[in-house]
Amino acid sequence: MLLHRVQKPGRYVGGEVNAIRKSWGTTDIHICLAFPDVYDLGMSNFALAIFYELLNARPDVLAERAYLPAPDMIAQMRNAAIPLYTLESYRPVAAFDILAISTAYEQLYTNSLELLDLSGIPLRAADRDATHPLIVGGGHGTFNPEPVADFFDVFVIGEAEAVLPELIDTWRAHRHLPREAQLRALLDVPGLYVPCFYEASKESGALIPTDLAAPARILKRMLPTLPPTPIRQLIPNVEVTHNRAVVEIQRGCTRGCRFCQAGAITRPVRERPAAEIVESIAAILDATGYEEVALLSLSSADHSEIKPLLEALLDRFQGRHVSISLPSLRIESFSVDLADMLSQGRRSGFTFAPEAGSDALRRRINKDIATEDLLAVATEVFTRGWRTLKLYFMLGLPGETDEDIEAIIDLAHRVRRLGLDIGGRKTEIHVSVSTFVPKPHTTFQWAALADRETVERRQSLLRERLRGRGLRLSWNQYDSTRLEALLARGDRRLNAVVEAAWRNGARFDAWDEWRSLEAWERAFAETGFDVDAALYRPRAEDEPLPWDHLHSGIEKRFFLRDYRRSQAGELLDDCRDQCHACGILVNYPGMWTAEWECPEQEVGSRE
Amino acid sequence: MNCELRITDSQSPVTNPQSLRYRITFATQRTLAYVSVLELGKVWERSLRRAGMPLKYSQGYNPRPKLHFAAPLPVGCGSDADLLDVWLEVPVAPETMLAALADAVPPDLSVINVHTVPEDEAALSEQLVSAEYRVWLRDVPEVVVESVIVAFLDSDTLALAKRGRKYRGKTYDLRPLVQELRLEDAPAPWTGLWMRVRARPGATGRPDEVLKALDLTDSPRRCTRTRLILG
C-alpha cells in the first residue's frame, strides 16, 4: 500500500470499534454512505451515524462508509489506479447498489464530483446506467439542489430516516430495469426529488415537471417523533473534529431568526423526552467508553426539560469522568446557569451569538435581545469565572448600515471593559464576524448578497477599531462567501459551472488551504456565467425562485409576511408561545404528537 | 501476518494484591499500526472504560487517567508485544481484566497478558533499553537490501537530520543507536529486515530513520515491533 507516503494514514484504514461488518454475499442491497470531505469531518457528521445504524439494522441491507481522502491520498490513489473504497470491506464504492452522498452544505459540491470520479463513476446522471450505483443526495443542501442536479439521480427532501426505507424497497422492486425506469418508479416515493424529470423554465428559471408522474411540488418528509438515538456509535482510532458521543435532544427551532435556514427547514420542533435521553446516554457510554457527550440541538436551553435533564445526567454519571457539552446556548442568565452546572469548575470559553450590533438590526433579524440585557448576561459570565467570551456576528445583513458596525465595535469594547473589570487582565474577547448569505427557505431568501466593496469596507472598519489587549477578531474572506452564496442560491445553469470548476481543480471549497478560487474564476469565464447578476439582485416578491418546487412545510407567503415585518423592524415572538401559522400544521395533518412544540391545531396568527 | 509471539519478561509476572498498578502486554496490527501514540492512548482509555475498569484519574479540572506506555510506536508500525502500565482505583483480578478487555478492544488490538507490578517500580520508559523491529519491504530485491545493510554496518557514523522544527539544521548520529541489523526471511513478494535499536531517553533509534539511512523509504512496507527489552 501507499499509506506510508500520506499524512494521517489512520483515516484510510477503518478498524473502528462498533464498525459493522456484514456479509456481502448474504445481504441483498449494498449501500455506501459517503461524506464528501475528509474522515475527520465525516466521522463527526451525526446524520451519517443515524443512517449507518438504521440501515444496518435491516437484515437485507449492508451499509458501509466512505469519505473523501485528503489531496495527498487522492494523488497517491490516482497514481496507483486505486479507486475509492469503503472502510469496512475495502470494496470499491462503484460496486455498491446505492451511493448516498451527503449534501449537508454547499462547499461539498465539487468534492462530490471528486468522490464520484475517484470511484470511477461517470459524473453526470445522463451518462450513467443501471450498472452504476444509484446516486442519492441528502442533507440541508437538498433544499436547493439545482446547482448539482445533473450529477445526482435522486435527492431526499427532508429527513432521510423517513425516506430511505421506502427508497430501498422501491429500488429493489425495480433493480432489474434500466435506470430510467428505476427513476420513474422512484417518483412514487414521497419526499424524493428526481431531477431528470424536471426542466428549468427558460423565462423564469422555475423548475417544471416534464413527466406526468412527477409532482409539481415536493413536500419535505419528516418523522412525527425523533428517530432512536444511535447507541453503538463509531469510535475513531485517530483524532477527528468532534471525537465524542452525540445525542440529539431536539430537532427544529421555534425562535424564527430570519437568516437561519436550519431552524426553518427542520420544523416542527420535536423534543426527545428527558428520560429517554438519560437512558440512551447510559447505553452509549457502555458501548463506546466515550468520556464526552454532546447534547445536540439548535437551541439547547429551549428544551422544556433541560434543567431536570442536566440534573439527572450529573447525578447518574457522577464520578464516571464524563463531561457533557451543550452547544447553541442563548444569551440569557438561564443559559449561564446551565453552563455553570455542566462545567463543574472548568471554565473554557463561553459563546454568544448576538449576530447584529444594534438593537434595531437585531429586531430586523428577529434576534430579540437588547444590548443592556446582553451586557447583564456578560457580567454574569465573567462573575462566575469565565475569562474567554466569544461573540458571533454577521456582516451584510439586510438593512445594515455603517452605524450597525459601529454598534458591534461599541458592544465588543463594552463587553471587554466588563471582562477586564471583573475578570482582570487575562480576559479575552473573541469577535467572530461572518458574512451573511441569504439562504433559500428563509425569510431573507429574497435579499441580495451584500457587495464586496461594502463588506470589505466594514471588515476593515472592524479591523481598525477592534484591536488591543484582550480582543481578537476573525472574519471570512469575501471570495469564499460569494462562492457559498452562489452555490446556495444558484439554479440549474450552475451545473456547467460546478463541473468546469472541478475540472479546473476546484476541490475542498470549505478549506482555506485547499480551496482554489482561481479554478472558479476560470470556470465563470469559460462558461460565460454572470456571477454578479446571480447574486446582487434582490428577488421580486412575485418572482419564481429556483427552489420553489421544494417545500419545507413552511409556506412562501409566511416568509413573505415575515420579510415585510423585518423591513418594518417588527419582531415575531417565539412560536411555542403563539402559533404564527407558518404552514407546518396544515401541511402535515394528522402527524402531530405530544413531542412537538406546536399546538395541536393551527392557531391563526395575530395579523 | 504469521508472527511468533515473544513476550518481554525481564521479570516474571508478580502477583501483588496490594498494588493497583497493572502491566498489560498487547499487540497491535493492521489498522491500529496507523495511529499515533496519543491516539493509541485514547484507544486504550476508551477500551478500559468499555471494559468497566475503575481507572485512576489525576486530580484537577481536567482529570486524565494514568496510562504509561513503555515507548511510542512509530506511525505505520504494529507491535507483537508492547507494554502499558495502568493504575486502578480498586483492585481487579488480572484475569478478570484480561477477560473484560478481550471483548472491549478494537479488532486489531489484542491483549496478551495482564499482571500487577509494584507501585514503586520505575516507569516503563526508564526501564526500556532496546527494541527489536521486523520490517518487510515489498518488491525490493534481497541483494539490494543486503548491500545497503553491509554499507550501513561498515560505517562508523551516520549523520541524520533531527526531526521536528525546533531542531532544524541539527543532526544526530544514527549509527551507534543501531545495535544489530540483518536480513530476515520473509514470504514473497517481501524482503525481510530485522533490527535491534537502542531505546533510551534521548537515544532512541527509529526503524523509519534506519530505512531513511538505507535509502529504502519509498517501498511499501510492513513494520512490526517484535520485542521491547527492559533493563
# chains A, B, ... in the order shown; residues from 1 in each chain; ligands from 1
>>> interface_residues(of="chain A", to="chain B", cutoff="8 Å", atoms="only C-alpha atoms", output="compact mmCIF listing (two decimals) with N, CA and C atoms, in the first residue's frame")
# COMPACT_ATOMS: atom_id res chain seq x y z
N MET A 1 0.83 -1.22 0.00
CA MET A 1 0.00 0.00 0.00
C MET A 1 0.86 1.26 0.00
N LEU A 2 0.18 2.38 -0.08
CA LEU A 2 0.91 3.62 -0.20
C LEU A 2 0.71 4.47 1.04
N LEU A 3 0.29 3.83 2.12
CA LEU A 3 -0.08 4.61 3.31
C LEU A 3 1.11 5.26 3.98
N HIS A 4 2.31 4.74 3.73
CA HIS A 4 3.47 5.34 4.39
C HIS A 4 3.84 6.68 3.75
N ARG A 5 3.18 7.02 2.65
CA ARG A 5 3.53 8.28 1.98
C ARG A 5 2.57 9.42 2.30
N LYS A 8 -1.43 11.27 8.18
CA LYS A 8 -2.50 10.68 8.97
C LYS A 8 -3.16 9.47 8.29
N PRO A 9 -2.38 8.44 8.03
CA PRO A 9 -2.92 7.29 7.28
C PRO A 9 -4.04 6.56 8.00
N GLY A 10 -4.15 6.74 9.32
CA GLY A 10 -5.20 6.05 10.07
C GLY A 10 -6.60 6.38 9.59
N VAL A 13 -8.05 3.45 6.85
CA VAL A 13 -7.97 2.01 7.09
C VAL A 13 -9.16 1.43 7.85
N GLY A 14 -10.03 2.26 8.42
CA GLY A 14 -11.15 1.71 9.18
C GLY A 14 -10.70 1.06 10.46
N GLY A 15 -11.35 -0.06 10.82
CA GLY A 15 -10.96 -0.79 12.02
C GLY A 15 -11.49 -0.19 13.31
N GLU A 16 -12.54 0.64 13.22
CA GLU A 16 -13.07 1.30 14.40
C GLU A 16 -13.93 0.34 15.23
N VAL A 17 -13.95 0.57 16.53
CA VAL A 17 -14.89 -0.14 17.38
C VAL A 17 -16.31 0.27 16.96
N ASN A 237 -10.22 5.56 15.65
CA ASN A 237 -8.94 5.28 16.30
C ASN A 237 -8.01 6.48 16.22
N VAL A 238 -8.27 7.37 15.26
CA VAL A 238 -7.45 8.57 15.12
C VAL A 238 -8.27 9.79 15.53
N GLU A 239 -7.60 10.90 15.75
CA GLU A 239 -8.26 12.11 16.22
C GLU A 239 -9.14 12.67 15.09
N LEU A 285 -22.55 5.24 26.60
CA LEU A 285 -21.29 5.23 27.34
C LEU A 285 -20.78 3.81 27.54
N ASP A 286 -21.68 2.88 27.81
CA ASP A 286 -21.27 1.49 27.95
C ASP A 286 -20.73 0.93 26.64
N ALA A 287 -21.36 1.33 25.54
CA ALA A 287 -21.00 0.75 24.25
C ALA A 287 -19.77 1.41 23.63
N THR A 288 -19.42 2.59 24.11
CA THR A 288 -18.34 3.33 23.44
C THR A 288 -17.15 3.65 24.34
N GLY A 289 -17.39 3.83 25.63
CA GLY A 289 -16.31 4.29 26.50
C GLY A 289 -16.00 5.76 26.33
N TYR A 290 -16.83 6.47 25.56
CA TYR A 290 -16.59 7.90 25.38
C TYR A 290 -16.57 8.62 26.72
N GLU A 291 -15.77 9.69 26.79
CA GLU A 291 -15.67 10.47 28.02
C GLU A 291 -16.37 11.83 27.86
N HIS A 321 -16.30 10.32 35.25
CA HIS A 321 -15.43 11.11 34.37
C HIS A 321 -16.03 11.28 32.98
N GLY A 345 -16.64 23.64 37.51
CA GLY A 345 -15.41 24.32 37.89
C GLY A 345 -14.48 24.61 36.73
N ARG A 346 -14.63 23.84 35.63
CA ARG A 346 -13.79 24.09 34.48
C ARG A 346 -14.37 25.27 33.71
>>> residues_around(residues="B:Leu228", least_positions_apart="4", cutoff="9 Å", atoms="only C-alpha atoms", output="list in words")
Ile7, Thr8, Ala70, Ala71, Ala81, Asp82, Leu83, Leu128, Val129, Ser130, Ala131, Glu132 and Ala199 of chain B
>>> residues_around(residues="A:Ile405", least_positions_apart="2", cutoff="9 Å", atoms="only C-alpha atoms", output="list in words")
Ala356, Gly357, Ser358, Leu395, Glu400, Thr401, Asp402, Glu403, Ala407, Ile408, Ile409, Asp410, Arg458, Gln459, Leu461 and Leu462 of chain A
>>> select_by_dssp(residues="stretch 351-469 of chain A", states="alpha helix (DSSP H)", output="PyMOL selection string")
chain A and resi 359-364+371-383+402-423+452-465
>>> closest_residue(among="A:Ala185, A:Val498, A:Ile554, A:Leu33", to="A:Gln107", atoms="only C-alpha atoms")
A:Val498
>>> residues_around(residues="B:Glu209", least_positions_apart="6", cutoff="12 Å", atoms="only C-alpha atoms", output="MDAnalysis selection string")
chainID B and resid 74 158:163 172:175 177:178 195 197 215:217
>>> atom_distance(atom1="atom CA of A:Phe155", atom2="atom CA of A:Ala200")
16.7 Å
>>> residues_around(residues="A:Leu84", least_positions_apart="4", cutoff="9 Å", atoms="only C-alpha atoms", output="list in words")
Ala66, Tyr67, Leu68, Pro69, Ile74, Met77, Tyr90, Arg91, Pro92, Val93, Ala94, Leu115, Leu116, Asp117, Leu118, Ser119 and Gly120 of chain A
>>> write_last_selection(atoms="C-alpha atoms", output="PDB file, in the first residue's frame")
ATOM      1  CA  ALA A  66     -16.580   6.141   2.551  1.00  0.00           C
ATOM      2  CA  TYR A  67     -15.035   9.582   2.963  1.00  0.00           C
ATOM      3  CA  LEU A  68     -13.132  11.731   0.534  1.00  0.00           C
ATOM      4  CA  PRO A  69      -9.408  11.328   1.160  1.00  0.00           C
ATOM      5  CA  ILE A  74      -6.134  11.253  -3.617  1.00  0.00           C
ATOM      6  CA  MET A  77      -4.647   6.647  -5.208  1.00  0.00           C
ATOM      7  CA  TYR A  90     -12.327  -2.151   1.340  1.00  0.00           C
ATOM      8  CA  ARG A  91     -14.626  -2.792  -1.632  1.00  0.00           C
ATOM      9  CA  PRO A  92     -14.715  -0.211  -4.403  1.00  0.00           C
ATOM     10  CA  VAL A  93     -17.548   2.280  -3.969  1.00  0.00           C
ATOM     11  CA  ALA A  94     -18.620   1.631  -7.567  1.00  0.00           C
ATOM     12  CA  LEU A 115     -15.755  11.484  -4.947  1.00  0.00           C
ATOM     13  CA  LEU A 116     -17.664  10.174  -7.982  1.00  0.00           C
ATOM     14  CA  ASP A 117     -14.627  10.477 -10.204  1.00  0.00           C
ATOM     15  CA  LEU A 118     -12.295   8.832  -7.703  1.00  0.00           C
ATOM     16  CA  SER A 119     -14.818   5.989  -7.566  1.00  0.00           C
ATOM     17  CA  GLY A 120     -14.691   5.637 -11.349  1.00  0.00           C
TER      18      GLY A 120
END
>>> residues_around(residues="stretch 500-516 of chain A", least_positions_apart="3", cutoff="12 Å", atoms="only C-alpha atoms", output="PyMOL selection string")
chain A and resi 36-38+41+68-72+74+105-117+123+148+476-477+479-484+487+493-497+519-529
>>> write_last_selection(atoms="N, CA and C atoms", output="CSV table (one decimal), in the first residue's frame")
chain,number,residue,atom,x,y,z
A,36,PRO,N,-18.5,13.6,1.5
A,36,PRO,CA,-17.5,14.1,0.6
A,36,PRO,C,-16.6,15.1,1.1
A,37,ASP,N,-16.0,14.8,2.3
A,37,ASP,CA,-14.9,15.6,2.8
A,37,ASP,C,-14.1,14.6,3.7
A,38,VAL,N,-13.0,15.1,4.3
A,38,VAL,CA,-12.1,14.1,4.9
A,38,VAL,C,-12.8,13.4,6.1
A,41,LEU,N,-13.9,15.1,9.4
A,41,LEU,CA,-15.2,15.8,9.4
A,41,LEU,C,-16.3,14.8,9.2
A,68,LEU,N,-14.1,11.3,1.6
A,68,LEU,CA,-13.1,11.7,0.5
A,68,LEU,C,-11.7,11.9,1.2
A,69,PRO,N,-10.8,11.2,0.6
A,69,PRO,CA,-9.4,11.3,1.2
A,69,PRO,C,-8.9,12.8,1.0
A,70,ALA,N,-7.9,13.1,1.8
A,70,ALA,CA,-7.2,14.4,1.6
A,70,ALA,C,-6.4,14.4,0.3
A,71,PRO,N,-6.1,15.6,-0.2
A,71,PRO,CA,-5.4,15.7,-1.5
A,71,PRO,C,-4.2,14.8,-1.7
A,72,ASP,N,-3.4,14.7,-0.6
A,72,ASP,CA,-2.2,13.8,-0.8
A,72,ASP,C,-2.6,12.4,-1.0
A,74,ILE,N,-5.5,11.3,-2.3
A,74,ILE,CA,-6.1,11.3,-3.6
A,74,ILE,C,-5.1,11.1,-4.7
A,105,TYR,N,-23.8,20.8,3.1
A,105,TYR,CA,-23.6,22.2,2.8
A,105,TYR,C,-23.0,22.4,1.4
A,106,GLU,N,-23.0,23.6,0.9
A,106,GLU,CA,-22.7,23.9,-0.5
A,106,GLU,C,-21.2,23.6,-0.8
A,107,GLN,N,-20.4,23.8,0.2
A,107,GLN,CA,-18.9,23.7,-0.1
A,107,GLN,C,-18.6,22.2,-0.4
A,108,LEU,N,-19.5,21.3,-0.3
A,108,LEU,CA,-19.2,19.9,-0.5
A,108,LEU,C,-19.5,19.5,-2.0
A,109,TYR,N,-19.9,20.5,-2.8
A,109,TYR,CA,-20.4,20.1,-4.2
A,109,TYR,C,-19.2,19.6,-5.1
A,110,THR,N,-18.2,20.4,-5.2
A,110,THR,CA,-17.1,20.0,-6.0
A,110,THR,C,-16.4,18.7,-5.5
A,111,ASN,N,-16.5,18.6,-4.1
A,111,ASN,CA,-16.0,17.3,-3.5
A,111,ASN,C,-16.8,16.1,-3.9
A,112,SER,N,-18.1,16.3,-4.1
A,112,SER,CA,-19.0,15.2,-4.6
A,112,SER,C,-18.6,14.7,-5.9
A,113,LEU,N,-18.2,15.7,-6.8
A,113,LEU,CA,-17.7,15.3,-8.1
A,113,LEU,C,-16.4,14.5,-8.0
A,114,GLU,N,-15.5,15.0,-7.1
A,114,GLU,CA,-14.3,14.3,-6.9
A,114,GLU,C,-14.5,12.9,-6.4
A,115,LEU,N,-15.5,12.8,-5.5
A,115,LEU,CA,-15.8,11.5,-4.9
A,115,LEU,C,-16.3,10.5,-6.0
A,116,LEU,N,-17.2,11.0,-6.9
A,116,LEU,CA,-17.7,10.2,-8.0
A,116,LEU,C,-16.5,9.8,-8.9
A,117,ASP,N,-15.7,10.7,-9.3
A,117,ASP,CA,-14.6,10.5,-10.2
A,117,ASP,C,-13.6,9.5,-9.6
A,123,LEU,N,-19.7,11.3,-13.9
A,123,LEU,CA,-20.2,12.4,-13.1
A,123,LEU,C,-21.7,12.7,-13.3
A,148,VAL,N,-26.4,21.2,-8.5
A,148,VAL,CA,-25.7,19.9,-8.7
A,148,VAL,C,-26.7,18.9,-9.2
A,476,ASN,N,-14.5,36.3,7.5
A,476,ASN,CA,-14.4,35.5,6.3
A,476,ASN,C,-13.9,36.2,5.2
A,477,GLN,N,-13.2,35.5,4.3
A,477,GLN,CA,-12.8,36.1,3.0
A,477,GLN,C,-14.0,36.3,2.2
A,479,ASP,N,-14.4,36.3,-1.0
A,479,ASP,CA,-14.5,35.4,-2.1
A,479,ASP,C,-15.1,34.0,-1.7
A,480,SER,N,-14.9,33.6,-0.5
A,480,SER,CA,-15.5,32.3,-0.2
A,480,SER,C,-16.9,32.5,0.2
A,481,THR,N,-17.3,33.6,0.7
A,481,THR,CA,-18.7,33.9,1.0
A,481,THR,C,-19.5,34.0,-0.4
A,482,ARG,N,-18.9,34.6,-1.3
A,482,ARG,CA,-19.5,34.8,-2.6
A,482,ARG,C,-19.8,33.4,-3.3
A,483,LEU,N,-18.8,32.5,-3.1
A,483,LEU,CA,-19.0,31.2,-3.7
A,483,LEU,C,-20.1,30.4,-3.0
A,484,GLU,N,-20.1,30.6,-1.6
A,484,GLU,CA,-21.1,29.9,-0.9
A,484,GLU,C,-22.5,30.4,-1.3
A,487,LEU,N,-23.5,29.0,-4.7
A,487,LEU,CA,-24.0,27.6,-4.7
A,487,LEU,C,-25.2,27.4,-3.9
A,493,ARG,N,-28.3,26.3,-14.2
A,493,ARG,CA,-27.2,26.7,-15.1
A,493,ARG,C,-25.9,26.5,-14.3
A,494,LEU,N,-25.9,26.4,-13.0
A,494,LEU,CA,-24.7,26.3,-12.2
A,494,LEU,C,-24.0,24.9,-12.5
A,495,ASN,N,-24.7,23.9,-12.9
A,495,ASN,CA,-24.1,22.6,-13.1
A,495,ASN,C,-22.9,22.6,-14.0
A,496,ALA,N,-23.0,23.4,-15.1
A,496,ALA,CA,-21.9,23.5,-16.0
A,496,ALA,C,-20.7,24.2,-15.3
A,497,VAL,N,-21.0,25.2,-14.5
A,497,VAL,CA,-20.0,26.0,-13.8
A,497,VAL,C,-19.3,25.1,-12.8
A,519,ALA,N,-9.6,28.5,-9.9
A,519,ALA,CA,-10.3,27.5,-10.7
A,519,ALA,C,-11.8,27.9,-10.9
A,520,TRP,N,-12.3,28.5,-9.9
A,520,TRP,CA,-13.7,29.0,-10.1
A,520,TRP,C,-13.8,30.2,-11.1
A,521,GLU,N,-12.9,31.1,-10.9
A,521,GLU,CA,-12.9,32.3,-11.8
A,521,GLU,C,-12.7,31.8,-13.2
A,522,ARG,N,-11.8,30.9,-13.5
A,522,ARG,CA,-11.7,30.4,-14.8
A,522,ARG,C,-13.0,29.7,-15.3
A,523,ALA,N,-13.7,29.0,-14.4
A,523,ALA,CA,-14.9,28.3,-14.8
A,523,ALA,C,-16.0,29.4,-15.1
A,524,PHE,N,-16.0,30.5,-14.4
A,524,PHE,CA,-17.0,31.5,-14.7
A,524,PHE,C,-16.7,32.1,-16.2
A,525,ALA,N,-15.4,32.3,-16.4
A,525,ALA,CA,-15.1,32.8,-17.7
A,525,ALA,C,-15.4,31.8,-18.8
A,526,GLU,N,-15.0,30.5,-18.6
A,526,GLU,CA,-15.3,29.5,-19.6
A,526,GLU,C,-16.7,29.3,-20.0
A,527,THR,N,-17.6,29.4,-18.9
A,527,THR,CA,-19.0,29.1,-19.2
A,527,THR,C,-19.8,30.4,-19.4
A,528,GLY,N,-19.1,31.5,-19.3
A,528,GLY,CA,-19.8,32.8,-19.6
A,528,GLY,C,-20.9,33.1,-18.5
A,529,PHE,N,-20.6,32.6,-17.3
A,529,PHE,CA,-21.6,32.8,-16.3
A,529,PHE,C,-21.5,34.1,-15.6
>>> residues_around(residues="A:Asn45", least_positions_apart="4", cutoff="12 Å", atoms="only C-alpha atoms", output="number ranges by chain")
A: 33-41, 49-52, 65, 67, 102-105, 139, 233-234, 240-246, 296
>>> atom_distance(atom1="atom CA of A:Leu411", atom2="atom CA of A:Glu355")
11.7 Å
>>> atom_distance(atom1="atom CA of B:Ala100", atom2="atom CA of B:Val114")
11.3 Å
>>> closest_residue(among="A:Thr210, A:Asn56, A:Ser343, A:Ser474", to="A:Ser460", atoms="only C-alpha atoms")
A:Ser474
